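Participant: Can you read through this structure? Questions will come right after.
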Amino acid sequence: MADNTQDISNYKHSEHLLSHKHEAPFLVDEVSKTEFYIGESDNTRLQGESNWRIKRIWQVGNVWNFGFPDGNQDYVWEWDLRDTYTYLA
């Protein structure tokens with residue numbers, strides 16, 4: 001290996017790679033034409049970690065509602081549990 005390179009093969013599946021200025025992991029789940037979940041993680045691609053901000057978008061009649069679990073917009077939710085939370089618009 002050249003002196004000016006670094007072996008990062010041990011980090012290829014590591015969340016540490018996301019500590020650099022990369023775009024945050026972002027997921028969209030289209031449950032139906034009237035309901036969506038949007039998730040953004042602050043530092044991990046792992047969907048079972050409590051590092052996600054999740055927004056639910058749903059339509060009632062002609063009105064679209066936007067809400068977060070318990071109204072909390074922090075990165076403290078698990079993406080895998082998104083359909084178990086109570087969302088406040």
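A note on labels: chains of the structure tokens are A, B, ... as shown, every chain counts residues from 1, and ligands are counted from 1 in their shown order.
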Tell me which protein, DNA and RNA residues are within 8 Å of Leu27 of chain A, counting only C-alpha atoms, leaving out same-chain ones fewer than 6 positions away, and put them as a PyMOL selection string.
Facilitator: chain A and resi 38-40
Participant: Would you export the selected residues with N, CA and C atoms as a CSV table (one decimal), in the first residue's frame, please?
Facilitator:
chain,number,residue,atom,x,y,z
A,38,ILE,N,-41.7,9.3,6.3
A,38,ILE,CA,-40.4,9.8,5.9
A,38,ILE,C,-39.4,9.7,7.1
A,39,GLY,N,-38.3,9.1,6.9
A,39,GLY,CA,-37.3,8.9,8.0
A,39,GLY,C,-36.0,9.5,7.6
A,40,GLU,N,-35.4,10.2,8.5
A,40,GLU,CA,-34.0,10.7,8.3
A,40,GLU,C,-33.2,10.4,9.6
Participant: Show which residues sit within 7 Å of Arg53 of chain A, as a PyMOL selection string. Count only C-alpha atoms, and ignore same-chain residues fewer than 4 positions away.
Facilitator: chain A and resi 39-41+73-77
Participant: For the residues in the current selection, export C-alpha atoms as a short mmCIF file (atom, residue, chain, number, x, y, z; two decimals), in the first residue's frame.
Facilitator:
data_model
loop_
_atom_site.label_atom_id
_atom_site.label_comp_id
_atom_site.auth_asym_id
_atom_site.auth_seq_id
_atom_site.Cartn_x
_atom_site.Cartn_y
_atom_site.Cartn_z
CA GLY A 39 -37.33 8.93 7.96
CA GLU A 40 -34.02 10.71 8.31
CA SER A 41 -31.18 9.40 10.45
CA GLN A 73 -38.96 15.84 16.00
CA ASP A 74 -35.73 14.62 17.61
CA TYR A 75 -33.60 11.78 16.25
CA VAL A 76 -34.74 9.30 18.90
CA TRP A 77 -37.04 6.91 17.04
#
Participant: Using only C-alpha atoms, which protein or nucleic acid residues come within 8 Å of Asp70 of chain A? Drop anything in the same chain fewer than 6 positions from it, and give the result as number ranges by chain.
Facilitator: A: 85-88
Participant: Let's have the selection written as a CSV table (one decimal), in the first residue's frame, with C-alpha atoms.
Facilitator:
chain,number,residue,atom,x,y,z
A,85,TYR,CA,-46.0,5.3,17.2
A,86,THR,CA,-48.8,7.8,17.8
A,87,TYR,CA,-48.3,10.8,15.5
A,88,LEU,CA,-49.4,14.3,16.4
Participant: Between A:Glu35, A:Glu23, A:Glu30, A:Asp83, which is the closest to Trp58 of chain A once you count only C-alpha atoms?
Facilitator: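 Under the stated criterion, the closest residue is A:Glu35.
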Participant: Distance atom CA of Ala24 of chain A-atom CA of Phe36 of chain A, one decimal place?
Facilitator: 18.9 Å
Participant: Taking 4 positions as the minimum chain separation for residues in the same chain, which residues sit within 6 Å of Arg56 of chain A when counting only C-alpha atoms? Answer as a list in words.
Facilitator: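 These residues fall inside the cut-off: Phe36, Tyr37, Phe66 and Gly67 of chain A.
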Participant: Those selected residues, please, written with C-alpha atoms and delivered as a PDB file, in the first residue's frame.
Facilitator:
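Result file is out19.pdb:
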ATOM      1  CA  PHE A  36     -46.378   8.004   3.847  1.00  0.00           C
ATOM      2  CA  TYR A  37     -43.588   7.784   6.392  1.00  0.00           C
ATOM      3  CA  PHE A  66     -48.021  16.038   8.901  1.00  0.00           C
ATOM      4  CA  GLY A  67     -46.971  14.646  12.269  1.00  0.00           C
TER       5      GLY A  67
END
Participant: So, counting only C-alpha atoms, which residue among A:Thr34, A:Thr44, A:Gly71, A:Trp79 is closest to Ile57 of chain A?
Facilitator: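 Checking each of A:Thr34, A:Thr44, A:Gly71, A:Trp79 against Ile57 of chain A, counting only C-alpha atoms, the winner is A:Thr34.
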Participant: Considering only C-alpha atoms, can you say which of A:Glu49, A:Lys55, A:Phe26, A:Asn43 comes closest to Asn72 of chain A?
Facilitator: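 Among the listed residues, A:Lys55 lies closest to Asn72 of chain A.
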Participant: So that I can check the surroundings of Leu81 of chain A, please list as a list in words every protein, DNA and RNA residue that reaches within 10 Å of it, counting only C-alpha atoms and ignoring chain neighbours fewer than 5 positions away.
Facilitator: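 What passes the distance filter is Gln47, Gly48, Glu49 and Ser50 of chain A.
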Participant: Please write the residues from the selection above to a file, keeping C-alpha atoms, as a compact mmCIF listing (two decimals), in the first residue's frame.
Facilitator:
# COMPACT_ATOMS: atom_id res chain seq x y z
CA GLN A 47 -33.11 0.92 10.83
CA GLY A 48 -33.43 -0.71 14.26
CA GLU A 49 -31.41 2.00 16.03
CA SER A 50 -33.03 4.90 17.90
Participant: Given only C-alpha atoms as the basis, pick out the residue of A:Asn51, A:Ala89, A:Thr84, A:Glu78 nearest to Val63 of chain A.
Facilitator: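 Closest to Val63 of chain A of all the choices is A:Ala89.
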Participant: One decimal, in Å: what's the spacing between atom CA of Arg82 of chain A and atom CA of Val60 of chain A?
Facilitator: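 Taking atom CA of Arg82 of chain A as the start and atom CA of Val60 of chain A as the end point, the length is 19.4 Å.
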